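Asks: Sharing a structure with you now.
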Amino acid sequence: MTSGFSFYITAALLLFACALKIPALLRRPHDVLLRLACLMLLLGAGIMFFAAPGTIPRVNRLTGVPNFSAPLVYSVMTAFSGASLLLFVHWRPAPPEQTRRASRVCTAVYAAAILAIVVLFRCGDAPVEQTTRFDMYYATTPYIGQMIVTYLVLHGAASVVTGVLSWRWSREVRGSLRGGLLMLAGAYLMHLCFDTSKLLGVAARWAGRDGDVLNDVAVVFALPAAVMGITGFVLPLAGPRVAEQVRAAADLWQLAPLWRELRRVAGPTAVRVSFEWWEIDFPMRLTGRKTAIYDALLAVAPYFDRDVRGRAYRAARDRGEDGNRAAAMADAAMIAVAAERNRRAHRVSGPVPDTNDVEVAWRGRDLIAISRALTAPAVEESRRRHRAPAESSPS
């Protein structure tokens with residue numbers, strides 16, 4: 001793509017990842033780690049935007065300086081490298097004074113590097129515009145070659161340090177944070193491959209050889225590094241939410257048999273949670289489904305028969321089921337029979353229990369275990385036994 005559409009998409013994703021962190025930053029404006037993470041995402045978006053082949057000539061024309069985009073992109077990359085190191089300086093456990101001293105050194109080094117990039121570009125001569133091969137074209141040009149090496153060395157050094165720390169700390173944590181650190185370690189490894197390929201290309205040019213192939217190899221690593229970096233920053237934030245959605249979806253699926261058993265007798269009090277087609281909120285759906293099941297259990301409560309439960313429990317134990325599994329089967333059998341009796345009855349006969357006590361009792365049960373037990377042999381036997389036209393009085 002001549003306009004570098006993929007660069008713009010990646011820049012937009014980085015800005016989106018930054019936007020996800022803005023609410024937390026507004027709640028904790030003095031959180032240094034959060035501020036640095038947002039700064040890195042903004043700088044990463046800046047790199048992808050200003051390095052896009054469609055942006056480079058426009059910036060050059062706007063400023064009236066051939067190849068002005070080169071020091072601009074290199075300065076943003078150097079600032080990104082410094083922010084990466086600062087993030088890990090503040091992240092690691094260390095005495096406050098040591099952290100402040102390391103932060104000052106890091107800031108001074110990378111600020112000086114940015115100043116050196118600007119000065120070296122000003123001292124050099126780069127009159128021919130290069131949108132994609134600037135490094136190889138001007139590698140042997142006085143001052144410009146030194147500028148290229150400066151940003152590559154400092155960017156590579158930051159990639160090594162932050163990549164190693166990401167990998168090391170990923171072994172000390174779990175969950176989405178570990179996944180995010182592993183993705184960041186991979187991203188910094190890609191950055192290092194980019195820098196190494198570029199430096200080898202520059203060295204080839206200094207030796208009088210063609211470095212364009214190595215430049216092309218370096219470009220291959222740029223976009224994957226950015227995508228992995230986005231994932232690394234977003235995963236710790238979005239990971240718990242995604243895990244919650246997955247768990248809720250799995251619970252919904254496992255509750256389906258119990259809901260199918262009860263939904264025809266739920267009655268007008270059962271909660272119905274409606275969603276538009278574009279809404280995917282499985283935890284909310286799960287809450288509505290559980291509430292509806294509890295309402296349905298209240299509707300069939302007058303038909304609960306302890307004898308049915310006792311026989312099903314003994315049958316399950318005779319088949320070698322453990323106590324918890326047998327209890328779930330017994331509950332499932334009692335519910336299945338009660339639901340069948342409710343469907344056949346024209347009116348409720350017998351005493352209606354205190355619904356509050358019933359609700360409290362059932363809210364302590366494992367509904368998923370009961371739902372999964374509905375297909376057990378003990379439950380099927382109870383169904384067959386009580387499908388006769390004449391039903392005994394429920395107790």
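If you're wondering about the labels, chains in the structure tokens are A, B, ... by order shown, residues count from 1 in each chain, ligands from 1 in order shown.
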Just list as a PyMOL selection string whatever in region 1-206 of chain A DSSP marks as alpha helix (DSSP H).
Replies: chain A and resi 5-27+32-50+55-63+69-91+96-123+134-137+144-170+175-206
Asks: Quick one: residues within 10 Å of Leu200 (chain A), only C-alpha atoms counted, chain neighbours fewer than 3 positions away excluded, as an MDAnalysis selection string?
Replies: chainID A and resid 195:197 203:206 211 214:215 218
Asks: Contacts between region 221-228 of chain A and region 95-210 of chain A, please, where a residue of region 95-210 of chain A counts if it comes within 7 Å (with only C-alpha atoms); show its shortest atom pair and distance in Å to one decimal, rows by chain and ascending number, as JSON lines.
Replies:
```
{"residue": "A:Met183", "atom": "CA", "partner": "A:Met228", "partner_atom": "CA", "distance": 5.6}
{"residue": "A:Leu184", "atom": "CA", "partner": "A:Met228", "partner_atom": "CA", "distance": 6.5}
{"residue": "A:Gly186", "atom": "CA", "partner": "A:Met228", "partner_atom": "CA", "distance": 6.9}
{"residue": "A:Ala187", "atom": "CA", "partner": "A:Ala225", "partner_atom": "CA", "distance": 4.4}
{"residue": "A:Tyr188", "atom": "CA", "partner": "A:Ala225", "partner_atom": "CA", "distance": 7.0}
{"residue": "A:Met190", "atom": "CA", "partner": "A:Ala225", "partner_atom": "CA", "distance": 5.2}
{"residue": "A:His191", "atom": "CA", "partner": "A:Ala225", "partner_atom": "CA", "distance": 6.2}
{"residue": "A:Cys193", "atom": "CA", "partner": "A:Phe221", "partner_atom": "CA", "distance": 6.9}
{"residue": "A:Phe194", "atom": "CA", "partner": "A:Phe221", "partner_atom": "CA", "distance": 5.7}
```
Asks: At a cut-off of 7 Å, using only C-alpha atoms, what residues contact Ala45 (chain A)? Leave out same-chain residues fewer than 5 positions from it and give the result as a count of residues only.
Replies: 4
Asks: Between CA of Pro66 (chain A) and CA of Pro127 (chain A), what distance in Å does the model show, to one decimal?
Replies: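 Between CA of Pro66 (chain A) and CA of Pro127 (chain A) the gap works out to 5.7 Å.
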Asks: Tell me, as a ChimeraX atom specification, which residues lie within 12 Å of Ala336 (chain A), counting only C-alpha atoms; anything in the same chain fewer than 2 positions away does not count.
Replies: /A:257-263,265,296-297,300-301,303-305,308-309,312,329-334,338-343,370-371,373-376,378-387
